[in-house]
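This is upload12.cif. It holds mmCIF, C-alpha atoms.
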```
data_input
loop_
_atom_site.label_atom_id
_atom_site.label_comp_id
_atom_site.auth_asym_id
_atom_site.auth_seq_id
_atom_site.Cartn_x
_atom_site.Cartn_y
_atom_site.Cartn_z
CA MET A 1 37.07 -133.12 -103.53
CA ALA A 2 36.70 -133.11 -107.28
CA SER A 3 36.57 -129.33 -107.30
CA MET A 4 39.72 -129.17 -105.13
CA ALA A 5 41.55 -131.56 -107.47
CA ALA A 6 40.46 -129.48 -110.43
CA GLY A 7 41.72 -126.41 -108.66
CA TYR A 8 45.11 -127.97 -108.06
CA GLY A 9 45.22 -129.04 -111.68
CA ILE A 10 44.61 -125.47 -112.85
CA PHE A 11 47.21 -124.17 -110.38
CA GLY A 12 49.74 -126.65 -111.73
CA MET A 13 49.05 -125.54 -115.29
CA ASP A 14 49.49 -121.90 -114.26
CA ASP A 15 52.86 -122.76 -112.74
CA ARG A 16 53.96 -124.53 -115.91
CA ALA A 17 52.81 -121.61 -118.06
CA ALA A 18 54.70 -119.16 -115.82
CA GLU A 19 57.85 -121.30 -116.05
CA ARG A 20 57.56 -121.45 -119.84
CA GLU A 21 57.10 -117.70 -119.99
CA ARG A 22 60.13 -117.16 -117.73
CA ALA A 23 62.24 -119.52 -119.84
CA ASP A 24 61.14 -117.68 -122.98
CA ARG A 25 62.07 -114.31 -121.47
CA ARG A 26 65.46 -115.69 -120.39
CA ALA A 27 66.12 -116.99 -123.91
CA ARG A 28 65.25 -113.59 -125.39
CA PHE A 29 67.48 -111.87 -122.84
CA ASP A 30 70.40 -114.19 -123.65
CA ALA A 31 70.00 -113.50 -127.36
CA GLU A 32 69.87 -109.71 -126.83
CA ALA A 33 72.88 -109.76 -124.51
CA MET A 34 75.08 -111.98 -126.68
CA ALA A 35 74.36 -109.75 -129.70
CA GLN A 36 76.25 -106.98 -127.83
CA LEU A 37 79.51 -108.93 -127.36
CA ASP A 38 81.48 -106.99 -129.98
CA ALA A 39 80.28 -103.63 -128.65
CA LEU A 40 81.11 -104.64 -125.07
CA TYR A 41 84.59 -105.79 -126.05
CA SER A 42 85.23 -102.63 -128.05
CA PHE A 43 84.18 -100.46 -125.10
CA ALA A 44 86.17 -102.53 -122.60
CA LEU A 45 89.26 -102.37 -124.79
CA LYS A 46 89.10 -98.60 -125.02
CA LEU A 47 88.78 -98.37 -121.23
CA THR A 48 91.48 -100.87 -120.27
CA ARG A 49 93.79 -100.58 -123.34
CA VAL A 50 94.87 -104.20 -122.81
CA ARG A 51 93.24 -107.12 -124.60
CA ASP A 52 93.36 -109.65 -121.75
CA GLU A 53 91.93 -107.14 -119.28
CA ALA A 54 89.18 -106.22 -121.75
CA GLU A 55 88.21 -109.88 -122.16
CA ASP A 56 88.13 -110.35 -118.38
CA LEU A 57 86.00 -107.24 -118.03
CA VAL A 58 83.50 -108.46 -120.63
CA SER A 59 83.30 -111.86 -118.91
CA ASP A 60 82.73 -110.16 -115.56
CA THR A 61 80.05 -107.95 -117.12
CA LEU A 62 78.18 -110.87 -118.67
CA LEU A 63 78.35 -112.85 -115.43
CA ARG A 64 76.81 -109.92 -113.53
CA ALA A 65 74.23 -109.36 -116.27
CA PHE A 66 73.12 -113.01 -116.29
CA GLN A 67 72.83 -112.94 -112.49
CA ARG A 68 70.60 -109.86 -112.69
CA TRP A 69 68.81 -110.60 -115.94
CA GLU A 70 65.33 -110.21 -114.43
CA GLN A 71 66.12 -106.56 -113.61
CA TYR A 72 66.32 -105.80 -117.34
CA ARG A 73 63.13 -104.92 -119.20
CA LEU A 74 63.09 -106.76 -122.52
CA GLY A 75 62.98 -104.58 -125.61
CA THR A 76 64.64 -101.56 -124.00
CA ASN A 77 68.25 -100.51 -124.69
CA ILE A 78 70.26 -103.51 -123.53
CA ARG A 79 73.50 -101.97 -124.79
CA ALA A 80 73.14 -99.04 -122.40
CA TRP A 81 72.23 -101.43 -119.56
CA LEU A 82 75.26 -103.64 -120.22
CA PHE A 83 77.57 -100.64 -120.63
CA THR A 84 76.43 -99.43 -117.21
CA ILE A 85 77.38 -102.78 -115.66
CA LEU A 86 80.69 -102.86 -117.55
CA TYR A 87 81.68 -99.34 -116.55
CA HIS A 88 80.92 -99.96 -112.87
CA ALA A 89 82.90 -103.21 -113.02
CA PHE A 90 85.79 -101.31 -114.63
CA VAL A 91 85.77 -98.61 -111.94
CA SER A 92 85.66 -101.21 -109.15
CA ARG A 93 88.52 -103.14 -110.70
CA LYS A 94 90.55 -99.97 -111.26
CA ARG A 95 90.15 -98.96 -107.61
CA ARG A 96 91.41 -102.38 -106.49
CA ILE A 97 94.39 -102.14 -108.84
CA ASP A 98 95.17 -98.57 -107.80
CA ALA A 99 95.15 -99.65 -104.17
CA ARG A 100 97.98 -102.10 -104.85
CA GLU A 101 99.58 -100.29 -107.78
CA VAL A 102 103.05 -99.98 -106.30
CA GLN A 103 104.69 -102.81 -104.38
CA PRO A 104 108.16 -102.60 -102.83
CA LEU A 105 110.81 -104.96 -104.16
CA GLU A 106 114.52 -105.27 -103.45
CA ASP A 107 117.34 -104.95 -105.95
CA GLU A 108 120.60 -106.92 -105.86
CA ASP A 109 122.02 -104.62 -103.18
CA GLY A 110 119.02 -105.05 -100.90
CA ARG A 111 117.64 -101.58 -101.58
CA GLU A 112 113.91 -101.11 -102.06
CA VAL A 113 112.78 -100.52 -105.62
CA PHE A 114 109.22 -100.13 -106.87
CA GLU A 115 107.53 -101.84 -109.77
CA ALA A 116 104.08 -101.21 -111.16
CA VAL A 117 101.70 -104.14 -110.83
CA GLY A 118 99.72 -105.18 -113.89
CA ASP A 119 100.13 -106.95 -117.19
CA VAL A 120 101.77 -105.31 -120.16
CA ASP A 121 100.35 -106.19 -123.55
CA PRO A 122 103.38 -107.61 -125.43
CA GLU A 123 101.65 -107.42 -128.80
CA GLY A 124 100.91 -103.72 -128.48
CA THR A 125 97.52 -102.18 -128.97
CA PHE A 126 95.52 -103.36 -131.94
CA TYR A 127 91.95 -102.12 -132.05
CA ASP A 128 89.06 -101.76 -134.42
CA SER A 129 90.36 -101.84 -137.98
CA PHE A 130 87.94 -99.13 -139.12
CA ILE A 131 89.65 -96.53 -136.90
CA ASP A 132 93.12 -95.23 -137.83
CA GLN A 133 95.79 -95.76 -135.17
CA GLU A 134 96.28 -92.00 -134.70
CA ILE A 135 92.62 -91.65 -133.76
CA VAL A 136 92.78 -94.64 -131.42
CA ASP A 137 95.87 -93.14 -129.75
CA ALA A 138 94.15 -89.77 -129.42
CA ILE A 139 91.10 -91.39 -127.80
CA HIS A 140 93.33 -93.30 -125.40
CA GLY A 141 95.11 -90.07 -124.52
CA LEU A 142 91.91 -88.53 -123.20
CA PRO A 143 91.32 -88.41 -119.43
CA GLU A 144 89.26 -91.42 -118.36
CA GLU A 145 85.97 -89.58 -117.75
CA TYR A 146 86.13 -87.85 -121.16
CA ARG A 147 87.19 -91.05 -122.91
CA ALA A 148 84.26 -93.07 -121.54
CA ALA A 149 81.73 -90.42 -122.56
CA VAL A 150 83.19 -89.98 -126.07
CA VAL A 151 83.39 -93.73 -126.72
CA MET A 152 79.81 -94.33 -125.52
CA SER A 153 78.41 -91.42 -127.53
CA ASP A 154 80.46 -91.23 -130.72
CA LEU A 155 81.40 -94.88 -131.23
CA HIS A 156 78.38 -96.65 -129.75
CA GLY A 157 75.60 -94.12 -130.24
CA LEU A 158 74.30 -93.96 -126.68
CA ARG A 159 72.12 -90.97 -125.74
CA TYR A 160 73.05 -88.41 -123.07
CA GLY A 161 70.66 -89.92 -120.53
CA GLU A 162 71.97 -93.44 -121.09
CA ILE A 163 75.58 -92.31 -120.70
CA ALA A 164 74.67 -90.34 -117.58
CA GLN A 165 73.07 -93.43 -116.07
CA ALA A 166 76.06 -95.60 -116.97
CA LEU A 167 78.60 -93.21 -115.48
CA GLY A 168 76.45 -92.19 -112.54
CA VAL A 169 76.61 -88.44 -113.18
CA PRO A 170 74.05 -85.79 -114.22
CA GLU A 171 73.18 -85.41 -117.90
CA GLY A 172 74.63 -81.87 -117.91
CA THR A 173 77.98 -83.29 -116.81
CA ILE A 174 77.91 -85.70 -119.75
CA LYS A 175 77.29 -82.84 -122.20
CA SER A 176 80.20 -80.94 -120.66
CA ARG A 177 82.51 -83.98 -120.80
CA LEU A 178 81.59 -84.65 -124.41
CA PHE A 179 82.23 -81.03 -125.37
CA ARG A 180 85.62 -80.98 -123.66
CA GLY A 181 86.57 -84.47 -124.83
CA ARG A 182 85.75 -83.64 -128.45
CA ARG A 183 87.70 -80.36 -128.21
CA LEU A 184 90.73 -82.25 -126.88
CA LEU A 185 90.42 -84.76 -129.73
CA GLN A 186 90.23 -81.95 -132.29
CA GLU A 187 93.39 -80.41 -130.89
CA LYS A 188 95.21 -83.74 -130.87
CA LEU A 189 94.09 -84.66 -134.38
CA ARG A 190 94.38 -81.29 -136.14
CA GLY A 191 97.77 -82.09 -137.67
CA TYR A 192 96.67 -85.58 -138.67
CA ALA A 193 93.46 -84.29 -140.26
CA THR A 194 95.44 -81.72 -142.26
CA GLU A 195 97.95 -84.35 -143.39
CA MET A 196 95.15 -86.71 -144.48
CA GLY A 197 93.35 -83.93 -146.33
CA TYR A 198 90.28 -83.94 -144.11
CA ILE A 199 90.76 -80.22 -143.42
CA LYS A 200 92.73 -77.54 -145.25
CA ALA A 201 95.96 -76.31 -143.79
#
```

This structure in structure tokens:
Amino acid sequence: MASMAAGYGIFGMDDRAAERERADRRARFDAEAMAQLDALYSFALKLTRVRDEAEDLVSDTLLRAFQRWEQYRLGTNIRAWLFTILYHAFVSRKRRIDAREVQPLEDEDGREVFEAVGDVDPEGTFYDSFIDQEIVDAIHGLPEEYRAAVVMSDLHGLRYGEIAQALGVPEGTIKSRLFRGRRLLQEKLRGYATEMGYIKA
């Protein structure tokens, strides 16, 4: 009996140690995730172009991340992991919005008119202060798949493999998108760069 009681005592201690270890890992995860808030918001804002939608997207991303926190391996690139979740949440949300993008309404004469669904940012677009507005506008003018790749690579420093995983496409596709996206940006910004003296006319 004594040996059985001792055994249960050891088992109980193992359980407590495992719980402490799990709580410690969760605390480390929370700290790593919350340190990425600014990067997540910046990325979300460049995808959605609307502040309220970006904030909702970040909240949705963090909720999903905290629900799946045990899938993340501590000490690896949490930014890439969170960007993957955020991008998939963005695509899912965009599909839902696109599905109900146009709704019929009636004008004063009873004729059907159509109005786009979605919030308009009344304060305009105000983004990271370290990027000139012309550059922000040029980035926003890129097709979505190029924009996501350029923002992840050039603004957030993710590697090809990490971007490929986030966007769910092969690494070669990411290289191609980055090449084309950067070429489009160069074309859009050539006049601005000349005017600012970055390149000679």

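Take the candidates A:Arg147, A:Arg51, A:Arg22, A:Arg79 and check each one against Ala35 of chain A using only C-alpha atoms; the shortest distance goes to A:Arg79.
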
Record the distance separating atom CA of Val58 of chain A and atom CA of Leu40 of chain A, expressed in Å with one decimal. 6.3 Å

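Straight-line separation from atom CA of Tyr146 of chain A to atom CA of Gly181 of chain A: 5.0 Å.
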
All residues 10 Å or closer to segment 67-71 of chain A, all atoms listed in the file, same chain fewer than 6 positions away omitted, as an MDAnalysis selection string: chainID A and resid 22 25:26 29:30 33 61 81

Apply the PyMOL selection byres ((chain A and resi 86) around 10) to the displayed file and report the matching residues as JSON, numbers by chain. {"A": [40, 41, 43, 44, 47, 57, 58, 59, 60, 61, 62, 64, 65, 80, 81, 82, 83, 84, 85, 87, 88, 89, 90, 91, 92, 166]}

For a test of reading the model, state the distance in Å between atom CA of Ala138 of chain A and atom CA of Leu189 of chain A, rounded to one decimal. 7.1 Å

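Nearest residue to Ser42 of chain A, choosing from A:Glu55, A:Glu171, A:Glu21, A:Asp14 and counting all atoms listed in the file: A:Glu55.
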
Counting all atoms listed in the file, the option among A:Ala18, A:Ala54, A:Met34, A:Phe179 closest to Asp154 of chain A: A:Phe179

Can you list, as a PyMOL selection string, every protein, DNA or RNA residue that comes within 9 Å of Glu32 of chain A when you count all atoms listed in the file, leaving out same-chain residues fewer than 4 positions away? chain A and resi 27-28+36+74-75+78-79
